[in-house]
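S.K.: The structure under discussion is supplied below as structure tokens; questions concerning it will follow.
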Amino acid sequence: MSQPSQQDEIVAEQASLKHQPAAGIEPLIEAKGLSQGQIVRKRFLGHSGAIVGLIVFALILVAAFTSVGYAGIPGWWKYDHEEVSPLVNDGVPTASLFPLAWGEHPFGQDRIGRDLFAMTMRGAQQSITIMVVIGLIAGLIGVIVGALSGYFRGWTEAILMRLTDVIIIVPALLLAAVMGQIAGNRDDGNWFSAFTSNNAVLALGIFLGLVSWVGLARLMRGEFLSLREREFVDAARISGASNARIIFKHILPNAVGVLIVNVTLTMSAAILTETALSYLGVGVKSPDTSLGLLISQNQEAFSTRPWLFWYPGVFIVLICLSINFIGDGLRDAFDPRQKKFNARKAKDTGSPMAPDKTPVAATDGTAADGTAAGGTRGA
Amino acid sequence: MLTYIVRRLVTAALILLGASFLVYLLTAASGDPLAELRASNAPNREQLMEARSNLLDLDTPAPIRYFKWLAGASQCLIPFAGTCDLGRNTANQPITDALGHALIQTLTLVTAATVLAILVGITLGIITALRQYSTLDYGVTFMAFLFFSLPIFWVAVLLKEFGAIGFNNFLRNPEIPLPAAIGIGAVLGIVAAIVAGGEPKRRVLTGGIVFAVVTAVLIYFSVTLWFKTPGLGPVVIAIAGVGLAYAVTLLTAGLKNRKALQSALLAVGAGVVAYFAIQPLLNQATFLMIVLLAVATVLVGVAIGYFVGGYDRGQSMRAAGMTSFLVAFLILLDRFMQAWPTYFDNSRVRGRPIATIGATTPNIEGDFWVLSLDSFTHLILPTSALILISLAGYTRFTRASMLEIMNMDYIRTARAKGLSERTVVMRHAFRNALIPIATIVAFDIGALIGGAVITERVFSVRGMGFLFFDGIEHVDPNPVMGVFVCVAITAMAFNLIADLAYSALDPRVRVKA
């Protein structure tokens, strides 16, 4: 692999000005006349992995919330997750590709005849609800703690960061297990248990959110520490802006990239935490259902009814994978350093002698890089 | 520096106090400790509840119980006094004993998985960084995301089904049908072609060779029923050793350094001679002996490198030392394979070697090799599950770190000086890319002690996570606190070590005195 020389870059730049915009100087052209939001949107839409992730996630979201209904609103699917119906063909899935058919129970039935499609959709609903609640709560607390400690420093920072340290050394899964246990207790009789027993899933999400903000708070603090030293903050302060205004109007919009990316990643981790807790028996509890709980209930039946195990698992993986790809796309979109001659380097990898080649080779390289950069987003 | 460390330690102690108080109260408040007894139909229910209340000291409010616990736990700070008291669990076993057993189980489970995940992850990360935006890079990136999104309990159940039950069925009659052999060969060939990189001709050639060799070997295995009586034999060890010698020399010294290549090849020769010499000794092997032999092997290798010399003695010593270690590993592997039929026909194993639960076969008897094989067959599934899950993080992180380093000015300088690509990558880039990885590794080792709660649960390993979870289920704070204190102390110690190591490895980073 060889490093493109300065001359190479200049040649490449000239060549690309004549022809197509090349990977190396794409940000310059991209940025012309566009706002930051427009640039980010454009880059995100160019990241095919993220777009595929977004589409898959949207499909799952729509299917999960419309099929079995949500919060009392009935859905279009004929069964719900608790309804027992007679076994059709011993519960084997009726969905098939050749011929394309949906059938009576597309994902099959469990031992007592409950419809697995309804159960999986209900589980996906619960997982997505918990994920969103965790993302919102963790994002909110993380931003507030990080912003206050990064902006005010001094005692505020010392206290808040020690609090963060206390929560961060307790292993997340372990603390979450205790929280999940509390949320799952139903018969204490006070308002708290009444709330948790009526909205078990919501309560689990809130509790998990209360322990998963720590990483985000540290990152936000780092962002605020560096941004508060910048000139535009001084300018705002001199012109008499209040602390709240500086934090929310001047610094936060500049830190929003880090925030969004990490909230996304927190959410994808949250899905796995929720399913793991349900699997361990301290998360969502029967008679309600969740993807983790479905796997936990059906792992013994793998050899006799493998579909009971496959469908919930595949849905967990699909949700988590699509969120991860969306997060990756967002990171690429928000990080301006991402497309810095990397594609050119990749092209040069195969030919160690590249710098010796004269402008002709460089022109070829750039032209090819245009496509290479397009391929980049296919990750 | 000293003030920094002292300040960190004092803060750590305060954080530990605060966090342990929090964990104690949370555990105590997490449920009804008598719930399971209330639901029971035992005639002496009242007495049992009375006994449990006394054992857990339920008449005392939880905050006061915490300080009682703290008084006992603080005795652990007195070294060698043996007065450590972390309370007892509901089975009336001292927590200190239970922690000892659990720690051993957890470490055997997690150590191998972590080491392998780190090695493979860093290797993959570097290769993908060097081949950025190649098919290999996209493939590995996608796999990393996929593994990152897999719930470990799901992987574990799949592994149990296909890795254990399926493989055991296969071992009963280890014949590989011809289409399967060709299929496996083709898949590996395609993977090899992708990994090889470079010109299409080179890729096709590599893929073709790998396909032919793998298919031929599989057919040979099937015909000779190799899986019933596996073994490598001196010839295979010699051939593989020469290949390893070339590979190690290529990475550490470059093939142009003839002296290094010579020392590596000499080390292989010595290894093949040692193979015959050492067999009687290996029959009486113990764990300590294997460790001593490994150390001796590396020393012999280094000595070979030293005497062969060359213009750069260090390179020869490194190449020969690493080669001899790898050859010794092959010899060890061969000895394990020799013990395989004995293990396979053991009355406790009954021809189903790959186990799905537990850490050992109950009541198994045999020599060192059989017992070790028994541990391996029990560890193989949880270890693979853990590797799959933790591989992704290391790969992505190493790739990012390596990419950043490869864009640095000093890499350009190194190239401009005319250094070979190997020297640039291995000596200039790789070493610096390892600095941020070192901190991540330190964090992970700190977290190792906590065990893998879910993995332990799925594979019924009675480790730290199991102990912790048992405590939560019985609403018994003592085991929970015992595990928590161990985990928190190691985690904080390794955090400190990570920070100090970072400033030691990278002089640009200074600790605040």
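Each chain in the structure tokens gets a letter, A, B, ..., in the order shown, and its residues are numbered from 1; ligands are numbered from 1 in order too.
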Need to verify the contact set: Asp234 of chain A, 12 Å, only C-alpha atoms, exclusion of same-chain residues closer than 6 positions in sequence. Can you return it as a ChimeraX atom specification?

M.R.: /A:227-228,240-243,246,250-251

S.K.: Can those selected residues be exported to a file as a PDB file, in the first residue's frame so that it contains N, CA and C atoms?

M.R.:
```
ATOM      1  N   LEU A 227     -16.396  21.753  23.235  1.00  0.00           N
ATOM      2  CA  LEU A 227     -17.162  22.797  22.537  1.00  0.00           C
ATOM      3  C   LEU A 227     -17.246  24.096  23.344  1.00  0.00           C
ATOM      4  N   ARG A 228     -17.235  23.996  24.690  1.00  0.00           N
ATOM      5  CA  ARG A 228     -17.410  25.220  25.475  1.00  0.00           C
ATOM      6  C   ARG A 228     -16.213  26.146  25.358  1.00  0.00           C
ATOM      7  N   GLY A 240     -24.462  38.260  25.987  1.00  0.00           N
ATOM      8  CA  GLY A 240     -25.417  38.237  27.080  1.00  0.00           C
ATOM      9  C   GLY A 240     -26.351  37.050  27.115  1.00  0.00           C
ATOM     10  N   ALA A 241     -26.004  35.972  26.402  1.00  0.00           N
ATOM     11  CA  ALA A 241     -26.901  34.808  26.430  1.00  0.00           C
ATOM     12  C   ALA A 241     -26.821  34.108  27.784  1.00  0.00           C
ATOM     13  N   SER A 242     -27.937  33.563  28.226  1.00  0.00           N
ATOM     14  CA  SER A 242     -27.946  32.846  29.504  1.00  0.00           C
ATOM     15  C   SER A 242     -27.299  31.478  29.322  1.00  0.00           C
ATOM     16  N   ASN A 243     -26.952  30.852  30.460  1.00  0.00           N
ATOM     17  CA  ASN A 243     -26.338  29.533  30.388  1.00  0.00           C
ATOM     18  C   ASN A 243     -27.237  28.549  29.660  1.00  0.00           C
ATOM     19  N   ILE A 246     -27.068  29.087  25.998  1.00  0.00           N
ATOM     20  CA  ILE A 246     -25.814  28.624  25.402  1.00  0.00           C
ATOM     21  C   ILE A 246     -25.818  27.106  25.279  1.00  0.00           C
ATOM     22  N   HIS A 250     -26.666  26.766  21.488  1.00  0.00           N
ATOM     23  CA  HIS A 250     -25.366  26.924  20.837  1.00  0.00           C
ATOM     24  C   HIS A 250     -24.529  25.653  20.857  1.00  0.00           C
ATOM     25  N   ILE A 251     -24.489  24.974  22.005  1.00  0.00           N
ATOM     26  CA  ILE A 251     -23.591  23.809  22.073  1.00  0.00           C
ATOM     27  C   ILE A 251     -24.295  22.533  21.628  1.00  0.00           C
TER      28      ILE A 251
END
```

S.K.: As a ChimeraX atom specification, please: the residues near Tyr311 of chain A (cut-off 9 Å, only C-alpha atoms, same-chain neighbours under 6 positions excluded).

M.R.: /A:107,116-117,120

S.K.: Residues as selected, all heavy atoms, written as a PDB file, in the first residue's frame, can you do that?

M.R.:
```pdb
ATOM      1  N   PHE A 107     -46.343 -18.978  10.834  1.00  0.00           N
ATOM      2  CA  PHE A 107     -45.140 -19.342  11.582  1.00  0.00           C
ATOM      3  C   PHE A 107     -45.358 -20.598  12.428  1.00  0.00           C
ATOM      4  O   PHE A 107     -44.519 -20.960  13.231  1.00  0.00           O
ATOM      5  CB  PHE A 107     -44.706 -18.198  12.512  1.00  0.00           C
ATOM      6  CG  PHE A 107     -44.164 -16.995  11.802  1.00  0.00           C
ATOM      7  CD1 PHE A 107     -44.121 -16.925  10.417  1.00  0.00           C
ATOM      8  CD2 PHE A 107     -43.676 -15.909  12.512  1.00  0.00           C
ATOM      9  CE1 PHE A 107     -43.625 -15.815   9.759  1.00  0.00           C
ATOM     10  CE2 PHE A 107     -43.170 -14.795  11.865  1.00  0.00           C
ATOM     11  CZ  PHE A 107     -43.152 -14.751  10.490  1.00  0.00           C
ATOM     12  N   LEU A 116     -48.018 -18.688  16.465  1.00  0.00           N
ATOM     13  CA  LEU A 116     -46.678 -18.156  16.682  1.00  0.00           C
ATOM     14  C   LEU A 116     -46.486 -16.808  16.005  1.00  0.00           C
ATOM     15  O   LEU A 116     -45.753 -15.956  16.498  1.00  0.00           O
ATOM     16  CB  LEU A 116     -45.625 -19.152  16.184  1.00  0.00           C
ATOM     17  CG  LEU A 116     -44.188 -18.722  16.490  1.00  0.00           C
ATOM     18  CD1 LEU A 116     -43.952 -18.655  17.981  1.00  0.00           C
ATOM     19  CD2 LEU A 116     -43.171 -19.653  15.865  1.00  0.00           C
ATOM     20  N   PHE A 117     -47.189 -16.599  14.859  1.00  0.00           N
ATOM     21  CA  PHE A 117     -47.059 -15.300  14.202  1.00  0.00           C
ATOM     22  C   PHE A 117     -47.539 -14.194  15.131  1.00  0.00           C
ATOM     23  O   PHE A 117     -46.867 -13.177  15.313  1.00  0.00           O
ATOM     24  CB  PHE A 117     -47.866 -15.298  12.894  1.00  0.00           C
ATOM     25  CG  PHE A 117     -47.818 -13.982  12.171  1.00  0.00           C
ATOM     26  CD1 PHE A 117     -46.669 -13.610  11.486  1.00  0.00           C
ATOM     27  CD2 PHE A 117     -48.900 -13.118  12.189  1.00  0.00           C
ATOM     28  CE1 PHE A 117     -46.618 -12.390  10.833  1.00  0.00           C
ATOM     29  CE2 PHE A 117     -48.841 -11.898  11.533  1.00  0.00           C
ATOM     30  CZ  PHE A 117     -47.697 -11.539  10.855  1.00  0.00           C
ATOM     31  N   THR A 120     -45.003 -13.791  17.940  1.00  0.00           N
ATOM     32  CA  THR A 120     -43.773 -13.133  17.520  1.00  0.00           C
ATOM     33  C   THR A 120     -43.999 -11.636  17.311  1.00  0.00           C
ATOM     34  O   THR A 120     -43.187 -10.802  17.712  1.00  0.00           O
ATOM     35  CB  THR A 120     -43.259 -13.763  16.215  1.00  0.00           C
ATOM     36  OG1 THR A 120     -43.200 -15.159  16.389  1.00  0.00           O
ATOM     37  CG2 THR A 120     -41.889 -13.263  15.877  1.00  0.00           C
TER      38      THR A 120
END
```

S.K.: I'd like a table as JSON lines: residues in chain B with an atom no more than 8 Å from chain A, each row giving the shortest atom pair and its distance in Å to one decimal, only C-alpha atoms counted, sorted by chain and rising residue number.

M.R.:
```
{"residue": "B:Ile15", "atom": "CA", "partner": "A:Val166", "partner_atom": "CA", "distance": 5.5}
{"residue": "B:Leu16", "atom": "CA", "partner": "A:Val166", "partner_atom": "CA", "distance": 7.2}
{"residue": "B:Gly18", "atom": "CA", "partner": "A:Val166", "partner_atom": "CA", "distance": 6.8}
{"residue": "B:Ala19", "atom": "CA", "partner": "A:Val166", "partner_atom": "CA", "distance": 5.2}
{"residue": "B:Val23", "atom": "CA", "partner": "A:Leu175", "partner_atom": "CA", "distance": 7.8}
{"residue": "B:Leu26", "atom": "CA", "partner": "A:Val178", "partner_atom": "CA", "distance": 6.7}
{"residue": "B:Thr27", "atom": "CA", "partner": "A:Val178", "partner_atom": "CA", "distance": 6.3}
{"residue": "B:Ala29", "atom": "CA", "partner": "A:Ile182", "partner_atom": "CA", "distance": 7.5}
{"residue": "B:Ser30", "atom": "CA", "partner": "A:Ile182", "partner_atom": "CA", "distance": 4.8}
{"residue": "B:Gly31", "atom": "CA", "partner": "A:Ile182", "partner_atom": "CA", "distance": 6.6}
{"residue": "B:Leu130", "atom": "CA", "partner": "A:Met1", "partner_atom": "CA", "distance": 7.8}
{"residue": "B:Arg131", "atom": "CA", "partner": "A:Ala346", "partner_atom": "CA", "distance": 6.7}
{"residue": "B:Gln132", "atom": "CA", "partner": "A:Ala346", "partner_atom": "CA", "distance": 5.7}
{"residue": "B:Tyr133", "atom": "CA", "partner": "A:Thr376", "partner_atom": "CA", "distance": 6.2}
{"residue": "B:Ser134", "atom": "CA", "partner": "A:Ala346", "partner_atom": "CA", "distance": 7.7}
{"residue": "B:Tyr138", "atom": "CA", "partner": "A:Ala379", "partner_atom": "CA", "distance": 5.5}
{"residue": "B:Thr141", "atom": "CA", "partner": "A:Ala379", "partner_atom": "CA", "distance": 7.0}
{"residue": "B:Phe142", "atom": "CA", "partner": "A:Ala379", "partner_atom": "CA", "distance": 7.0}
{"residue": "B:Phe145", "atom": "CA", "partner": "A:Leu321", "partner_atom": "CA", "distance": 6.6}
{"residue": "B:Leu146", "atom": "CA", "partner": "A:Leu321", "partner_atom": "CA", "distance": 6.3}
{"residue": "B:Phe148", "atom": "CA", "partner": "A:Leu321", "partner_atom": "CA", "distance": 7.9}
{"residue": "B:Ser149", "atom": "CA", "partner": "A:Cys320", "partner_atom": "CA", "distance": 5.2}
{"residue": "B:Leu150", "atom": "CA", "partner": "A:Val317", "partner_atom": "CA", "distance": 5.7}
{"residue": "B:Pro151", "atom": "CA", "partner": "A:Leu272", "partner_atom": "CA", "distance": 6.0}
{"residue": "B:Phe153", "atom": "CA", "partner": "A:Ala276", "partner_atom": "CA", "distance": 7.5}
{"residue": "B:Trp154", "atom": "CA", "partner": "A:Gly313", "partner_atom": "CA", "distance": 6.6}
{"residue": "B:Val157", "atom": "CA", "partner": "A:Gln299", "partner_atom": "CA", "distance": 6.9}
{"residue": "B:Glu161", "atom": "CA", "partner": "A:Phe302", "partner_atom": "CA", "distance": 7.9}
{"residue": "B:Gly198", "atom": "CA", "partner": "A:Gly350", "partner_atom": "CA", "distance": 6.0}
{"residue": "B:Glu199", "atom": "CA", "partner": "A:Gly350", "partner_atom": "CA", "distance": 7.9}
{"residue": "B:Arg412", "atom": "CA", "partner": "A:Gln3", "partner_atom": "CA", "distance": 6.3}
{"residue": "B:Arg415", "atom": "CA", "partner": "A:Ser2", "partner_atom": "CA", "distance": 7.6}
{"residue": "B:Glu421", "atom": "CA", "partner": "A:Met1", "partner_atom": "CA", "distance": 7.3}
{"residue": "B:Gly450", "atom": "CA", "partner": "A:Pro171", "partner_atom": "CA", "distance": 8.0}
{"residue": "B:Ile454", "atom": "CA", "partner": "A:Ala276", "partner_atom": "CA", "distance": 7.4}
{"residue": "B:Ile472", "atom": "CA", "partner": "A:Val178", "partner_atom": "CA", "distance": 7.0}
{"residue": "B:Phe484", "atom": "CA", "partner": "A:Val170", "partner_atom": "CA", "distance": 7.3}
{"residue": "B:Ala488", "atom": "CA", "partner": "A:Ile169", "partner_atom": "CA", "distance": 5.9}
{"residue": "B:Ala491", "atom": "CA", "partner": "A:Ile169", "partner_atom": "CA", "distance": 7.3}
{"residue": "B:Met492", "atom": "CA", "partner": "A:Ile169", "partner_atom": "CA", "distance": 7.6}
```

S.K.: From segment 137-203 of chain B, collect each residue whose DSSP state is alpha helix (DSSP H) and return the set as a PyMOL selection string.

M.R.: chain B and resi 137-148+152-158+167-172+178-196+200-203

S.K.: Mind checking which residues fall within 10 Å of segment 395-405 of chain B, counting only C-alpha atoms, ignoring those fewer than 3 positions away in the same chain, and posting them as a PyMOL selection string?

M.R.: (chain A and resi 342) or (chain B and resi 117-130+132+137+140-141+144-145+390-392+408-411+425+428-437+440)

S.K.: Using only C-alpha atoms, determine which residues lie at most 6 Å from segment 146-155 of chain A, disregarding the query and same-chain residues fewer than 4 positions distant; provide the list as a list of chain:residue names.

M.R.: A:Gly142, A:Ala217, A:Met220, A:Arg221, A:Phe224, A:Leu225

S.K.: For the atom pair atom CA of Ala245 of chain B and atom CA of Ala264 of chain B, what is the interatomic distance in Å to one decimal place?

M.R.: 5.2 Å

S.K.: Could you list, as an MDAnalysis selection string, every residue within 12 Å of Ile104 of chain B, counting only C-alpha atoms and ignoring same-chain residues fewer than 5 positions away?

M.R.: chainID B and resid 97:99 109:111 359 448:451 461:464

S.K.: Just write the chosen residues, all heavy atoms, as a short mmCIF file (atom, residue, chain, number, x, y, z; two decimals), in the first residue's frame.

M.R.:
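Output (selection_35.cif):
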```
data_model
loop_
_atom_site.label_atom_id
_atom_site.label_comp_id
_atom_site.auth_asym_id
_atom_site.auth_seq_id
_atom_site.Cartn_x
_atom_site.Cartn_y
_atom_site.Cartn_z
N ASP B 97 -16.00 -19.31 50.36
CA ASP B 97 -15.78 -20.61 49.72
C ASP B 97 -16.46 -20.66 48.36
O ASP B 97 -15.86 -21.05 47.35
CB ASP B 97 -16.36 -21.75 50.58
CG ASP B 97 -15.54 -21.95 51.83
OD1 ASP B 97 -14.58 -21.18 52.00
OD2 ASP B 97 -15.86 -22.86 52.62
N ALA B 98 -17.74 -20.26 48.37
CA ALA B 98 -18.52 -20.32 47.12
C ALA B 98 -17.84 -19.48 46.04
O ALA B 98 -17.76 -19.90 44.88
CB ALA B 98 -19.94 -19.83 47.36
N LEU B 99 -17.33 -18.29 46.44
CA LEU B 99 -16.67 -17.42 45.47
C LEU B 99 -15.43 -18.09 44.90
O LEU B 99 -15.17 -18.00 43.69
CB LEU B 99 -16.24 -16.12 46.15
CG LEU B 99 -17.23 -14.98 46.16
CD1 LEU B 99 -16.61 -13.78 46.86
CD2 LEU B 99 -17.61 -14.61 44.75
N LEU B 109 -13.71 -20.88 31.98
CA LEU B 109 -14.65 -20.68 30.86
C LEU B 109 -14.25 -19.48 30.01
O LEU B 109 -14.26 -19.55 28.78
CB LEU B 109 -16.06 -20.47 31.42
CG LEU B 109 -17.13 -20.11 30.40
CD1 LEU B 109 -17.39 -21.31 29.53
CD2 LEU B 109 -18.39 -19.67 31.08
N VAL B 110 -13.89 -18.38 30.68
CA VAL B 110 -13.81 -17.12 29.96
C VAL B 110 -12.42 -16.83 29.42
O VAL B 110 -12.28 -16.14 28.41
CB VAL B 110 -14.29 -15.98 30.87
CG1 VAL B 110 -14.40 -14.71 30.13
CG2 VAL B 110 -15.62 -16.33 31.46
N THR B 111 -11.38 -17.38 30.08
CA THR B 111 -10.02 -16.99 29.69
C THR B 111 -9.73 -17.36 28.24
O THR B 111 -9.34 -16.51 27.44
CB THR B 111 -8.99 -17.67 30.61
OG1 THR B 111 -9.43 -17.49 31.94
CG2 THR B 111 -7.63 -17.06 30.43
N ALA B 359 -19.26 -28.58 33.47
CA ALA B 359 -17.86 -28.28 33.23
C ALA B 359 -17.02 -29.55 33.13
O ALA B 359 -15.94 -29.53 32.58
CB ALA B 359 -17.31 -27.38 34.32
N LEU B 448 -13.81 -9.70 32.98
CA LEU B 448 -13.85 -11.16 32.87
C LEU B 448 -14.39 -11.81 34.13
O LEU B 448 -15.13 -12.78 34.07
CB LEU B 448 -12.43 -11.71 32.69
CG LEU B 448 -11.85 -11.73 31.33
CD1 LEU B 448 -10.59 -12.55 31.35
CD2 LEU B 448 -12.85 -12.38 30.42
N ILE B 449 -13.96 -11.27 35.27
CA ILE B 449 -14.26 -11.92 36.54
C ILE B 449 -15.76 -12.01 36.74
O ILE B 449 -16.25 -12.95 37.36
CB ILE B 449 -13.62 -11.12 37.70
CG1 ILE B 449 -12.18 -10.78 37.35
CG2 ILE B 449 -13.67 -11.88 39.00
CD1 ILE B 449 -11.28 -11.95 37.25
N GLY B 450 -16.47 -11.03 36.22
CA GLY B 450 -17.92 -11.04 36.37
C GLY B 450 -18.56 -12.22 35.68
O GLY B 450 -19.70 -12.57 35.94
N GLY B 451 -17.79 -12.85 34.81
CA GLY B 451 -18.31 -14.02 34.14
C GLY B 451 -19.31 -13.64 33.07
O GLY B 451 -19.67 -12.48 32.90
N VAL B 461 -22.91 -23.78 33.87
CA VAL B 461 -21.60 -23.68 34.52
C VAL B 461 -21.81 -22.90 35.82
O VAL B 461 -22.42 -21.83 35.81
CB VAL B 461 -20.59 -22.93 33.62
CG1 VAL B 461 -19.26 -22.76 34.33
CG2 VAL B 461 -20.41 -23.67 32.33
N ARG B 462 -21.34 -23.47 36.94
CA ARG B 462 -21.60 -22.81 38.21
C ARG B 462 -20.50 -21.81 38.52
O ARG B 462 -19.70 -21.99 39.43
CB ARG B 462 -21.72 -23.85 39.33
CG ARG B 462 -22.79 -24.90 39.02
CD ARG B 462 -22.91 -25.90 40.13
NE ARG B 462 -23.57 -25.33 41.29
CZ ARG B 462 -24.88 -25.29 41.45
NH1 ARG B 462 -25.67 -25.77 40.51
NH2 ARG B 462 -25.41 -24.77 42.52
N GLY B 463 -20.49 -20.72 37.78
CA GLY B 463 -19.47 -19.70 37.95
C GLY B 463 -20.01 -18.48 38.67
O GLY B 463 -21.02 -18.54 39.37
N MET B 464 -19.31 -17.34 38.49
CA MET B 464 -19.67 -16.12 39.19
C MET B 464 -21.08 -15.64 38.82
O MET B 464 -21.86 -15.23 39.67
CB MET B 464 -18.67 -15.02 38.85
CG MET B 464 -17.27 -15.35 39.24
SD MET B 464 -17.02 -15.28 41.01
CE MET B 464 -16.58 -13.59 41.20
#
```

S.K.: Hey, which of B:Val155, B:Ala112, B:Val213, B:Leu371 ends up closest to Ile184 of chain B? Count only C-alpha atoms.

M.R.: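 Nearest candidate to Ile184 of chain B out of B:Val155, B:Ala112, B:Val213, B:Leu371: B:Val213.
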
S.K.: When you look at Val485 of chain B with a cut-off of 9 Å (counting only C-alpha atoms), what residues show up, excluding the ones that are within fewer than 4 positions of it in the same chain? I need them as a list in words.

M.R.: Leu16, Ser20, Val480, Met481, Ile489 and Thr490 of chain B

S.K.: With N, CA and C atoms retained, write the just-selected residues as a PDB file, in the first residue's frame.

M.R.:
```pdb
ATOM      1  N   LEU B  16     -16.687   2.608  45.541  1.00  0.00           N
ATOM      2  CA  LEU B  16     -17.022   1.227  45.889  1.00  0.00           C
ATOM      3  C   LEU B  16     -17.992   1.192  47.064  1.00  0.00           C
ATOM      4  N   SER B  20     -21.671  -0.246  46.606  1.00  0.00           N
ATOM      5  CA  SER B  20     -22.034  -1.475  47.310  1.00  0.00           C
ATOM      6  C   SER B  20     -23.280  -1.247  48.173  1.00  0.00           C
ATOM      7  N   VAL B 480     -24.727 -11.914  46.079  1.00  0.00           N
ATOM      8  CA  VAL B 480     -24.713 -10.795  45.142  1.00  0.00           C
ATOM      9  C   VAL B 480     -23.584  -9.835  45.504  1.00  0.00           C
ATOM     10  N   MET B 481     -23.480  -9.522  46.801  1.00  0.00           N
ATOM     11  CA  MET B 481     -22.437  -8.593  47.230  1.00  0.00           C
ATOM     12  C   MET B 481     -21.055  -9.189  47.025  1.00  0.00           C
ATOM     13  N   ILE B 489     -13.892  -4.479  42.206  1.00  0.00           N
ATOM     14  CA  ILE B 489     -12.488  -4.217  42.531  1.00  0.00           C
ATOM     15  C   ILE B 489     -11.601  -4.510  41.329  1.00  0.00           C
ATOM     16  N   THR B 490     -11.823  -5.688  40.671  1.00  0.00           N
ATOM     17  CA  THR B 490     -10.981  -5.973  39.506  1.00  0.00           C
ATOM     18  C   THR B 490     -11.221  -4.952  38.402  1.00  0.00           C
TER      19      THR B 490
END
```

S.K.: Closest to Gln284 of chain B among B:Phe325, B:Phe368, B:Arg258, B:Gly87, using only C-alpha atoms?

M.R.: B:Phe368

S.K.: Please report the interatomic distance between atom CA of Arg305 of chain A and atom CA of Met119 of chain A in Å with one decimal.

M.R.: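 Interatomic distance, atom CA of Arg305 of chain A to atom CA of Met119 of chain A: 15.2 Å.
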